[in-house]
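Colleague: Dropping in structure-v2.txt, which is compact mmCIF, C-alpha atoms:
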# COMPACT_ATOMS: atom_id res chain seq x y z
CA MET Y 1 -40.58 277.76 153.53
CA ALA Y 2 -38.23 274.79 153.22
CA GLU Y 3 -34.49 275.28 153.36
CA PRO Y 4 -32.61 275.13 150.05
CA GLY Y 5 -31.81 271.53 149.19
CA THR Y 6 -34.55 270.06 151.41
CA LEU Y 7 -36.62 268.81 148.48
CA HIS Y 8 -33.50 267.25 146.94
CA MET Y 9 -32.76 265.46 150.23
CA LEU Y 10 -36.35 264.15 150.41
CA ILE Y 11 -36.16 262.86 146.85
CA GLU Y 12 -32.83 261.17 147.59
CA LYS Y 13 -34.38 259.42 150.60
CA GLN Y 14 -37.32 258.22 148.50
CA ILE Y 15 -35.14 256.63 145.85
CA ASN Y 16 -32.55 255.11 148.17
CA VAL Y 17 -33.74 251.49 148.14
CA PRO Y 18 -31.26 248.81 149.23
CA ASP Y 19 -30.47 246.33 146.46
CA SER Y 20 -29.65 243.59 148.97
CA LEU Y 21 -33.13 242.21 148.24
CA ALA Y 22 -32.01 241.13 144.77
CA PRO Y 23 -30.98 237.53 144.06
CA GLY Y 24 -27.24 236.90 143.76
CA TYR Y 25 -27.38 235.98 140.06
CA MET Y 26 -28.42 239.57 139.25
CA SER Y 27 -24.98 241.08 138.88
CA ALA Y 28 -25.49 244.54 137.33
CA PRO Y 29 -26.01 247.24 139.99
CA GLY Y 30 -28.82 248.88 137.98
CA ILE Y 31 -30.66 245.58 137.64
CA ARG Y 32 -30.35 244.94 141.38
CA ASP Y 33 -31.63 248.45 142.14
CA PHE Y 34 -34.53 248.08 139.69
CA TYR Y 35 -35.46 244.73 141.23
CA ALA Y 36 -35.46 246.18 144.76
CA ARG Y 37 -37.57 249.17 143.69
CA THR Y 38 -40.15 247.17 141.74
CA SER Y 39 -40.35 244.51 144.47
CA ALA Y 40 -41.10 247.24 147.02
CA LEU Y 41 -44.13 248.25 144.92
CA MET Y 42 -45.82 244.89 145.39
CA GLN Y 43 -46.95 245.63 148.96
CA GLY Y 44 -48.20 242.08 149.44
CA ARG Y 45 -49.66 241.88 145.92
CA HIS Y 46 -48.11 239.89 143.15
CA PRO Y 47 -47.51 241.46 140.71
CA ALA Y 48 -47.57 245.18 141.44
CA ARG Y 49 -50.14 247.50 139.87
CA PHE Y 50 -48.98 249.72 137.04
CA ALA Y 51 -50.63 252.71 138.72
CA ASP Y 52 -48.02 252.40 141.50
CA LEU Y 53 -45.02 252.63 139.15
CA ASP Y 54 -43.43 256.08 139.27
CA LEU Y 55 -40.55 256.37 136.82
CA MET Y 56 -39.59 259.73 138.32
CA SER Y 57 -38.79 258.05 141.64
CA MET Y 58 -36.14 256.05 139.79
CA HIS Y 59 -35.11 258.71 137.30
CA ARG Y 60 -31.44 257.68 137.44
CA LEU Y 61 -32.40 254.30 136.00
CA ALA Y 62 -34.65 255.74 133.26
CA PRO Y 63 -32.01 255.72 130.48
CA ASP Y 64 -31.90 251.91 130.79
CA VAL Y 65 -35.66 251.29 131.15
CA MET Y 66 -38.40 250.35 128.70
CA ILE Y 67 -42.08 250.74 129.61
CA ILE Y 68 -44.20 248.44 127.49
CA ASP Y 69 -47.97 248.32 126.95
CA VAL Y 70 -49.36 244.77 126.68
CA ASP Y 71 -52.41 244.34 124.45
CA PRO Y 72 -54.64 241.92 126.38
CA ALA Y 73 -56.29 240.53 123.24
CA THR Y 74 -53.13 239.78 121.24
CA CYS Y 75 -50.37 239.93 123.87
CA ARG Y 76 -48.40 242.19 121.53
CA LYS Y 77 -46.08 244.56 123.31
CA LEU Y 78 -45.94 248.23 122.33
CA LEU Y 79 -42.89 250.20 123.46
CA ARG Y 80 -44.34 253.24 125.22
CA PHE Y 81 -41.08 254.59 126.66
CA VAL Y 82 -37.54 253.62 125.69
CA GLY Y 83 -34.62 255.08 127.64
CA THR Y 84 -31.80 256.86 125.84
CA ARG Y 85 -29.16 254.18 126.47
CA ILE Y 86 -31.53 251.52 125.15
CA VAL Y 87 -32.06 253.61 122.01
CA ASP Y 88 -28.27 253.72 121.63
CA VAL Y 89 -28.01 249.93 122.00
CA PHE Y 90 -30.80 249.32 119.46
CA GLY Y 91 -29.25 251.88 117.11
CA GLN Y 92 -32.65 253.49 116.47
CA GLU Y 93 -35.56 255.16 118.23
CA THR Y 94 -38.01 252.37 118.98
CA THR Y 95 -40.66 254.19 121.04
CA GLY Y 96 -44.03 253.50 119.44
CA MET Y 97 -42.89 250.25 117.80
CA TYR Y 98 -43.91 246.75 118.75
CA LEU Y 99 -41.29 244.65 120.48
CA ASP Y 100 -41.53 241.94 117.82
CA GLN Y 101 -40.70 244.54 115.12
CA ILE Y 102 -37.25 245.43 116.40
CA ASP Y 103 -33.90 243.67 116.34
CA ILE Y 104 -33.22 243.01 120.02
CA GLY Y 105 -29.99 241.23 119.22
CA PRO Y 106 -28.74 237.66 119.47
CA PHE Y 107 -31.02 234.95 120.84
CA ARG Y 108 -34.02 236.95 119.64
CA SER Y 109 -36.62 234.20 120.07
CA GLN Y 110 -35.44 233.41 123.60
CA GLN Y 111 -35.50 237.08 124.56
CA LEU Y 112 -39.02 237.56 123.18
CA ALA Y 113 -40.09 234.42 125.05
CA ALA Y 114 -38.91 235.97 128.33
CA PHE Y 115 -41.20 238.96 127.74
CA ASN Y 116 -44.08 236.56 126.98
CA MET Y 117 -43.32 234.54 130.12
CA ALA Y 118 -43.50 237.70 132.25
CA VAL Y 119 -47.08 238.17 131.02
CA ALA Y 120 -48.16 234.52 131.22
CA ALA Y 121 -46.58 233.71 134.60
CA LYS Y 122 -47.10 237.18 136.11
CA ARG Y 123 -43.55 236.96 137.46
CA PRO Y 124 -40.38 238.89 136.73
CA GLN Y 125 -38.06 237.29 134.19
CA TRP Y 126 -34.28 237.74 134.28
CA THR Y 127 -32.04 237.18 131.27
CA ARG Y 128 -28.37 237.59 130.45
CA VAL Y 129 -26.99 237.50 126.93
CA ASN Y 130 -23.31 237.21 126.12
CA ALA Y 131 -22.57 237.74 122.46
CA LEU Y 132 -19.65 237.98 120.12
CA LEU Y 133 -20.87 240.49 117.59
CA ALA Y 134 -20.17 240.75 113.89
CA ASN Y 135 -18.86 244.09 112.64
CA ASP Y 136 -21.61 244.68 110.09
CA HIS Y 137 -24.50 242.59 111.27
CA THR Y 138 -26.10 243.95 114.42
CA PRO Y 139 -26.91 247.29 116.01
CA LEU Y 140 -25.28 246.06 119.21
CA HIS Y 141 -21.75 246.06 117.75
CA ARG Y 142 -19.18 248.06 119.66
CA ALA Y 143 -15.43 248.50 119.33
CA LEU Y 144 -14.49 245.57 121.58
CA GLY Y 145 -16.49 243.10 119.52
CA GLY Y 146 -18.65 241.70 122.30
CA MET Y 147 -21.39 242.66 124.69
CA THR Y 148 -23.00 241.27 127.78
CA TYR Y 149 -26.40 242.53 128.67
CA GLU Y 150 -28.57 241.66 131.58
CA ARG Y 151 -32.31 242.36 131.56
CA LEU Y 152 -35.07 242.21 134.14
CA VAL Y 153 -38.64 242.21 132.82
CA VAL Y 154 -41.26 242.99 135.49
CA PRO Y 155 -45.02 242.61 134.90
CA PHE Y 156 -47.55 245.15 136.15
CA THR Y 157 -51.31 244.73 136.35
CA ASP Y 158 -54.47 246.78 136.30
CA LYS Y 159 -57.05 246.75 139.14
CA SER Y 160 -58.48 243.45 137.93
CA GLY Y 161 -55.10 241.69 138.11
CA GLN Y 162 -54.54 241.40 134.34
CA VAL Y 163 -51.01 242.16 133.12
CA THR Y 164 -51.28 245.38 131.11
CA HIS Y 165 -47.68 246.64 131.22
CA LEU Y 166 -44.12 245.47 131.49
CA ALA Y 167 -41.16 247.45 132.76
CA ALA Y 168 -37.79 246.20 131.58
CA MET Y 169 -34.38 247.32 132.79
CA THR Y 170 -31.33 246.50 130.67
CA ALA Y 171 -27.68 246.83 131.69
CA CYS Y 172 -25.14 246.60 128.85
CA THR Y 173 -21.42 246.02 129.19
CA GLU Y 174 -18.93 245.98 126.36
CA THR Y 175 -16.47 243.13 126.62
CA ALA Y 176 -13.65 241.50 124.73
CA ASN Y 177 -14.27 238.16 126.44
CA ALA Y 178 -17.89 237.46 125.57
CA ASP Y 179 -19.01 234.10 124.28
CA ASN Y 180 -22.38 233.34 122.72
CA ARG Y 181 -24.63 232.36 125.61
CA PHE Y 182 -28.17 232.97 126.81
CA GLU Y 183 -29.36 232.56 130.42
CA HIS Y 184 -32.93 232.90 131.65
CA ARG Y 185 -34.54 232.60 135.08
CA GLU Y 186 -38.02 233.19 136.31
CA VAL Y 187 -37.59 235.20 139.49
CA ASP Y 188 -39.05 233.31 142.45
CA LEU Y 189 -40.18 236.15 144.67
CA GLY Y 190 -40.70 233.94 147.69
CA LEU Y 191 -37.10 232.73 147.85
CA ASN Y 192 -35.17 235.96 147.34
I'd like the structure from this file rewritten - as structure tokens, please.

Modeller:
Amino acid sequence: MAEPGTLHMLIEKQINVPDSLAPGYMSAPGIRDFYARTSALMQGRHPARFADLDLMSMHRLAPDVMIIDVDPATCRKLLRFVGTRIVDVFGQETTGMYLDQIDIGPFRSQQLAAFNMAVAAKRPQWTRVNALLANDHTPLHRALGGMTYERLVVPFTDKSGQVTHLAAMTACTETANADNRFEHREVDLGLN
């Protein structure tokens, strides 16, 4: 029989992935960790297979993660799992809704395009949105009046190599100094 705490120590070793693999422009610690973990799943394949994604191995990140089913015929994206902090940011439970049905905040068309690019290019897409938020207009409003959120959208495939799922990690930070700005990069896995 294992000593008390042994299983916990084994789990901690499994989820301790260095985030030094992440590109420098990824500033949020959770985004860097998510990038390192999902990159490790590729094992020489690009992109990783969805069957290899184990949300329990990164349970500390789960409140900031969305798991999305991609319909191969229409490319519509169904939110299968939405973490609790993401629900708070959206201001509503969005599990079971399509991504294009929800208000994902400022720069909506650019943000939706990043999800589409992850499917089309089969590469992770990184975005950062800085927004000054109106008091009565958006579910993202907070007391300080602004928010910066960074997102990494990672494609996953089935056995045949078709993108069937996306995993997206979002890190939100309230700020008083936000300006309205959108940044987007396709993550070049060979140069990181």

Colleague: Every residue with an atom at most 10 Å from (-27.7, 237.9, 129.0) (file coordinates; only C-alpha atoms) is what I'm after, so could you write them as a list in words?

Modeller: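 Within 10 Å of (-27.7, 237.9, 129.0), the protein and nucleic acid residues are Pro106, Phe107, Gln111, Trp126, Thr127, Arg128, Val129, Asn130, Ala131, Met147, Thr148, Tyr149, Glu150, Arg151, Leu152, Thr170, Ala171, Cys172, Asn180, Arg181, Phe182, Glu183 and His184 of chain Y.
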
Colleague: Let me make sure I understand: among Y:Ala168, Y:Met42, Y:Ile31, Y:Leu78, which one has the smallest atom-to-atom distance to Met66 of chain Y if we use only C-alpha atoms?

Modeller: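 Once distances to Met66 of chain Y are computed over only C-alpha atoms, the minimum belongs to Y:Ala168.
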
Colleague: If you measure from atom CA of Gln162 of chain Y to atom CA of Ala118 of chain Y, what distance in Å do you get, rounded to one decimal?

Modeller: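 These two atoms are separated by 11.8 Å.
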
Colleague: Fewer than 4 positions away in the same chain doesn't count, so skip those; otherwise give me all residues within 12 Å of segment 45-54 of chain Y, counting only C-alpha atoms, as a PyMOL selection string.

Modeller: chain Y and resi 14-15+34+37-41+58-59+61-62+67-70+118-124+153-167+187-190

Colleague: Give me, please, the distance in Å between atom CA of Met117 of chain Y and atom CA of Gly91 of chain Y, quoted to one decimal.

Modeller: 25.8 Å

Colleague: Generate the coordinates of N, CA, C and O atoms for segment 157-170 of chain Y; report them as a compact mmCIF listing (two decimals), in the frame of the given file.

Modeller:
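Result written to out.txt:
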# COMPACT_ATOMS: atom_id res chain seq x y z
N THR Y 157 -49.91 245.03 136.65
CA THR Y 157 -51.31 244.73 136.35
C THR Y 157 -52.20 245.96 136.50
O THR Y 157 -51.79 246.98 137.05
N ASP Y 158 -53.44 245.79 136.04
CA ASP Y 158 -54.47 246.78 136.30
C ASP Y 158 -55.21 246.37 137.58
O ASP Y 158 -54.80 245.42 138.26
N LYS Y 159 -56.30 247.05 137.91
CA LYS Y 159 -57.05 246.75 139.14
C LYS Y 159 -57.59 245.32 139.16
O LYS Y 159 -57.74 244.72 140.22
N SER Y 160 -57.89 244.79 137.99
CA SER Y 160 -58.48 243.45 137.93
C SER Y 160 -57.43 242.33 138.01
O SER Y 160 -57.78 241.16 138.07
N GLY Y 161 -56.15 242.69 138.01
CA GLY Y 161 -55.10 241.69 138.11
C GLY Y 161 -54.56 241.21 136.78
O GLY Y 161 -53.71 240.31 136.73
N GLN Y 162 -55.03 241.79 135.67
CA GLN Y 162 -54.54 241.40 134.34
C GLN Y 162 -53.26 242.18 134.03
O GLN Y 162 -53.18 243.38 134.27
N VAL Y 163 -52.26 241.49 133.48
CA VAL Y 163 -51.01 242.16 133.12
C VAL Y 163 -51.28 243.08 131.94
O VAL Y 163 -51.73 242.65 130.88
N THR Y 164 -51.04 244.37 132.15
CA THR Y 164 -51.28 245.38 131.11
C THR Y 164 -50.00 246.08 130.69
O THR Y 164 -49.98 246.75 129.66
N HIS Y 165 -48.94 245.96 131.50
CA HIS Y 165 -47.68 246.64 131.22
C HIS Y 165 -46.50 245.79 131.69
O HIS Y 165 -46.64 244.99 132.61
N LEU Y 166 -45.39 246.03 131.05
CA LEU Y 166 -44.12 245.47 131.49
C LEU Y 166 -43.15 246.63 131.65
O LEU Y 166 -43.21 247.60 130.90
N ALA Y 167 -42.28 246.51 132.63
CA ALA Y 167 -41.16 247.45 132.76
C ALA Y 167 -39.91 246.58 132.66
O ALA Y 167 -39.79 245.56 133.33
N ALA Y 168 -39.00 246.98 131.79
CA ALA Y 168 -37.79 246.20 131.58
C ALA Y 168 -36.57 247.09 131.76
O ALA Y 168 -36.49 248.18 131.19
N MET Y 169 -35.65 246.62 132.54
CA MET Y 169 -34.38 247.32 132.79
C MET Y 169 -33.29 246.50 132.11
O MET Y 169 -33.23 245.28 132.26
N THR Y 170 -32.42 247.17 131.36
CA THR Y 170 -31.33 246.50 130.67
C THR Y 170 -30.02 247.15 131.04
O THR Y 170 -29.90 248.37 131.02
